Amino acid sequence: MIWYFVPRIGAAALMIVNMVILTRLLGPGEFGLYNIAMTAAGLGFSILFGWLAAAIHRFHRSSDFDGEATSMALSLTLWVSLAATVAFVLALPFIHGFPLAYLFVAFTTFLAHSLHEIGLSGLRVLGDGPRFMLSTLVRPLIAVALGVALILGADLAAEGALIGTTIGAGLLAAYGIWWTVQRTGVRAPKASYVKQFAFYGAPLSVVASSSMVMSLVAQTTVVTFAGLGGMGAYAAAAALVNRTVDMPMSMMSRSFAADVFQAHEEHGAEASSAEVARLAPPLFLVAIPITIVLMVSNETVARILFGSALVGEVAPHMPYLALAMFLMSVQGAYYSFSFMLGRRTGLQAILIAVVVLLHALATVVLVSRFGPIGAAYAMLVTAIFSLSATVVVGGRVHKIQLPWRRLAPLFPAAGLLAAAAWMADLTQGILPGLAWLAAGTLAYAITLDLLGFPPIRALRAHLVRLWSRRPAGVTGESE
């Protein structure tokens, strides 16, 4: 599991570094354009390729597909890529308001990102941890290095950042898909198999794309009522929350998904529910402290990441967006397994469609009434409704519960961290604020260890084993 989860967390951290650099180099307006393209790329992947990634994860080990699910999904990936390219070229004359160069770069970013995710799916189901780690971590390194070089050296602004992302994703996409093809081959898809892929994966694509649709709705609404600058500040806060709260939770869920589905195929519903419950402690261990820091110490975080000039614009959005993203990520990363294990993803898609419509209505009403901050209010309202509906409806399909006893130590630990985060914001300084956050994080970890929280105990035991295996020369002792 460490081969698949740790790289995703590392990549998320590198993306945050990339975002911080880009907000300072591009400014709110150009960063807003960059973020729209990245959101559209994620949305495009979810709609056009997400069902194929879902099919690879769900059916790679299924006996129903004679071991050919992944090879057929790779063949379909090629055809979808060609169809998307033709559709983009035909649609160009009807797209107005953006430069042609920006549209072309944004499309290639979408295509490279999508193929990279397909490659990662193949490496994951094949159990190729080292190559998965390499493919995950090298992409953002290339993106930030080339992006900065093109912005500063070629004066390409948002397009330069997107080109760096495209090259990084494209190179690693080729690497991941090539290695997967070596193991599985590429086979022409059978109509009956494609139908099963679509019926299972297409609703999941709708679900996966919902957060990106809501993000685009929020950004376009803010642009309409507050201009590009207001949208840039909202986009910076939303991107930070997405990459620090949603991305780690989503990636951890994906890391566990293969084991959950394997348990379901081999041992039945009870075993798969137990695997889902095993996900909860590490999921909340990571998500809760990040959410608390963004909510309670929002000004300190904004000052550190975006500089004093943007604190007043970015920080007010963060508490509402952080809580909203946490609730929506609990829904997507944990409770969504109810629909996937029950094979009722169509019902989930209908539910999410209702949620998206509610969000669009709430966003327009609240932004027109309160300005850009109304988009954050709308996201929180939507998140509360979405999680509640998923728990109720999903529970009737395949009941999944949180293991509250295992999670109990998190509450006192989170209280200590919240107090430290509150003090960090009161200090009004970067170094004192960092000191308080570091102290709070240490108190959080120590409290969990003292209370016997399983992931912390397991991590400590692993570190002790690594220390015991160190070479004798490390301590300076001689024979």
# chains A, B, ... in the order shown; residues from 1 in each chain; ligands from 1
$ residues_around --residues "segment 333-339 of chain A" --least-positions-apart "5" --cutoff "8 Å" --atoms "only C-alpha atoms" --output "PDB file with N, CA and C atoms, in the first residue's frame"
ATOM      1  N   MET A 249      -7.324  12.514   0.297  1.00  0.00           N
ATOM      2  CA  MET A 249      -8.393  11.582   0.624  1.00  0.00           C
ATOM      3  C   MET A 249      -8.789  10.747  -0.598  1.00  0.00           C
ATOM      4  N   SER A 250      -8.885  11.380  -1.735  1.00  0.00           N
ATOM      5  CA  SER A 250      -9.238  10.648  -2.955  1.00  0.00           C
ATOM      6  C   SER A 250      -8.160   9.643  -3.328  1.00  0.00           C
ATOM      7  N   MET A 252      -5.939   8.253  -1.340  1.00  0.00           N
ATOM      8  CA  MET A 252      -5.917   7.149  -0.382  1.00  0.00           C
ATOM      9  C   MET A 252      -7.053   6.175  -0.677  1.00  0.00           C
ATOM     10  N   SER A 253      -8.209   6.703  -1.012  1.00  0.00           N
ATOM     11  CA  SER A 253      -9.336   5.843  -1.347  1.00  0.00           C
ATOM     12  C   SER A 253      -9.022   4.985  -2.568  1.00  0.00           C
ATOM     13  N   ARG A 254      -8.405   5.589  -3.577  1.00  0.00           N
ATOM     14  CA  ARG A 254      -8.035   4.827  -4.763  1.00  0.00           C
ATOM     15  C   ARG A 254      -7.002   3.759  -4.425  1.00  0.00           C
ATOM     16  N   VAL A 276     -13.313  -1.541   3.675  1.00  0.00           N
ATOM     17  CA  VAL A 276     -13.667  -0.123   3.664  1.00  0.00           C
ATOM     18  C   VAL A 276     -13.460   0.481   5.052  1.00  0.00           C
ATOM     19  N   LEU A 279     -10.061   1.521   5.875  1.00  0.00           N
ATOM     20  CA  LEU A 279      -9.633   2.775   5.254  1.00  0.00           C
ATOM     21  C   LEU A 279      -9.843   3.970   6.167  1.00  0.00           C
ATOM     22  N   ALA A 280     -10.859   3.939   7.035  1.00  0.00           N
ATOM     23  CA  ALA A 280     -11.268   5.125   7.789  1.00  0.00           C
ATOM     24  C   ALA A 280     -10.170   5.724   8.669  1.00  0.00           C
ATOM     25  N   ARG A 344     -24.686  -0.040  -8.012  1.00  0.00           N
ATOM     26  CA  ARG A 344     -25.795   0.896  -8.249  1.00  0.00           C
ATOM     27  C   ARG A 344     -25.233   2.283  -8.520  1.00  0.00           C
ATOM     28  N   THR A 345     -24.191   2.329  -9.341  1.00  0.00           N
ATOM     29  CA  THR A 345     -23.556   3.613  -9.631  1.00  0.00           C
ATOM     30  C   THR A 345     -24.479   4.539 -10.422  1.00  0.00           C
ATOM     31  N   LEU A 347     -27.656   4.986  -9.772  1.00  0.00           N
ATOM     32  CA  LEU A 347     -28.412   5.694  -8.734  1.00  0.00           C
ATOM     33  C   LEU A 347     -27.564   6.810  -8.122  1.00  0.00           C
ATOM     34  N   GLN A 348     -26.289   6.524  -7.918  1.00  0.00           N
ATOM     35  CA  GLN A 348     -25.391   7.549  -7.385  1.00  0.00           C
ATOM     36  C   GLN A 348     -25.267   8.723  -8.346  1.00  0.00           C
ATOM     37  N   THR A 390     -26.038  11.032   0.499  1.00  0.00           N
ATOM     38  CA  THR A 390     -25.261   9.833   0.164  1.00  0.00           C
ATOM     39  C   THR A 390     -25.321   8.803   1.272  1.00  0.00           C
ATOM     40  N   VAL A 391     -25.205   9.244   2.523  1.00  0.00           N
ATOM     41  CA  VAL A 391     -25.264   8.313   3.654  1.00  0.00           C
ATOM     42  C   VAL A 391     -26.621   7.616   3.703  1.00  0.00           C
ATOM     43  N   GLY A 394     -27.210   5.671   0.037  1.00  0.00           N
ATOM     44  CA  GLY A 394     -26.214   4.613  -0.107  1.00  0.00           C
ATOM     45  C   GLY A 394     -26.373   3.515   0.920  1.00  0.00           C
ATOM     46  N   GLY A 395     -26.821   3.882   2.121  1.00  0.00           N
ATOM     47  CA  GLY A 395     -27.020   2.883   3.163  1.00  0.00           C
ATOM     48  C   GLY A 395     -28.076   1.857   2.814  1.00  0.00           C
ATOM     49  N   VAL A 397     -28.404   0.707  -0.226  1.00  0.00           N
ATOM     50  CA  VAL A 397     -27.833  -0.124  -1.290  1.00  0.00           C
ATOM     51  C   VAL A 397     -26.835  -1.126  -0.717  1.00  0.00           C
ATOM     52  N   HIS A 398     -25.865  -0.612   0.037  1.00  0.00           N
ATOM     53  CA  HIS A 398     -24.840  -1.451   0.675  1.00  0.00           C
ATOM     54  C   HIS A 398     -24.383  -0.671   1.901  1.00  0.00           C
ATOM     55  N   LYS A 399     -24.780  -1.087   3.047  1.00  0.00           N
ATOM     56  CA  LYS A 399     -24.564  -0.285   4.256  1.00  0.00           C
ATOM     57  C   LYS A 399     -23.083  -0.229   4.619  1.00  0.00           C
ATOM     58  N   ILE A 400     -22.600   0.987   4.741  1.00  0.00           N
ATOM     59  CA  ILE A 400     -21.227   1.242   5.182  1.00  0.00           C
ATOM     60  C   ILE A 400     -21.279   2.207   6.353  1.00  0.00           C
TER      61      ILE A 400
END
$ residues_around --residues "segment 208-221 of chain A" --least-positions-apart "6" --cutoff "6 Å" --atoms "only C-alpha atoms" --output "ChimeraX atom specification"
/A:43,46,231,375
$ write_last_selection --atoms "N, CA and C atoms" --output "PDB file, in the first residue's frame"
ATOM      1  N   LEU A  43     -12.094  17.637 -15.478  1.00  0.00           N
ATOM      2  CA  LEU A  43     -13.477  17.345 -15.852  1.00  0.00           C
ATOM      3  C   LEU A  43     -13.534  16.487 -17.115  1.00  0.00           C
ATOM      4  N   SER A  46     -12.647  12.902 -16.312  1.00  0.00           N
ATOM      5  CA  SER A  46     -13.725  12.200 -15.608  1.00  0.00           C
ATOM      6  C   SER A  46     -14.840  11.785 -16.559  1.00  0.00           C
ATOM      7  N   MET A 231     -12.284  36.134  -9.255  1.00  0.00           N
ATOM      8  CA  MET A 231     -12.262  34.712  -9.547  1.00  0.00           C
ATOM      9  C   MET A 231     -10.902  34.108  -9.241  1.00  0.00           C
ATOM     10  N   ALA A 375     -19.724  32.159  -3.130  1.00  0.00           N
ATOM     11  CA  ALA A 375     -19.391  30.878  -3.756  1.00  0.00           C
ATOM     12  C   ALA A 375     -18.920  29.875  -2.707  1.00  0.00           C
TER      13      ALA A 375
END
$ closest_residue --among "A:Thr382, A:Ser273, A:Thr180, A:Ser62" --to "Phe256 of chain A" --atoms "only C-alpha atoms"
A:Ser273
$ closest_atom_pairs --of "segment 263-329 of chain A" --to "segment 454-461 of chain A" --cutoff "8 Å" --atoms "only C-alpha atoms" --output "JSON lines"
{"residue": "A:Pro281", "atom": "CA", "partner": "A:Pro455", "partner_atom": "CA", "distance": 6.8}
{"residue": "A:Pro282", "atom": "CA", "partner": "A:Pro455", "partner_atom": "CA", "distance": 6.1}
{"residue": "A:Leu285", "atom": "CA", "partner": "A:Pro455", "partner_atom": "CA", "distance": 7.9}
$ residues_around --residues "segment 93-107 of chain A" --least-positions-apart "5" --cutoff "10 Å" --atoms "only C-alpha atoms" --output "MDAnalysis selection string"
chainID A and resid 33:34 36:38 40:41 44 84:85 88 112:113 158:163 165:166
$ closest_residue --among "A:Ala157, A:Leu448, A:Leu78, A:Met15" --to "Gly415 of chain A" --atoms "only C-alpha atoms"
A:Leu448
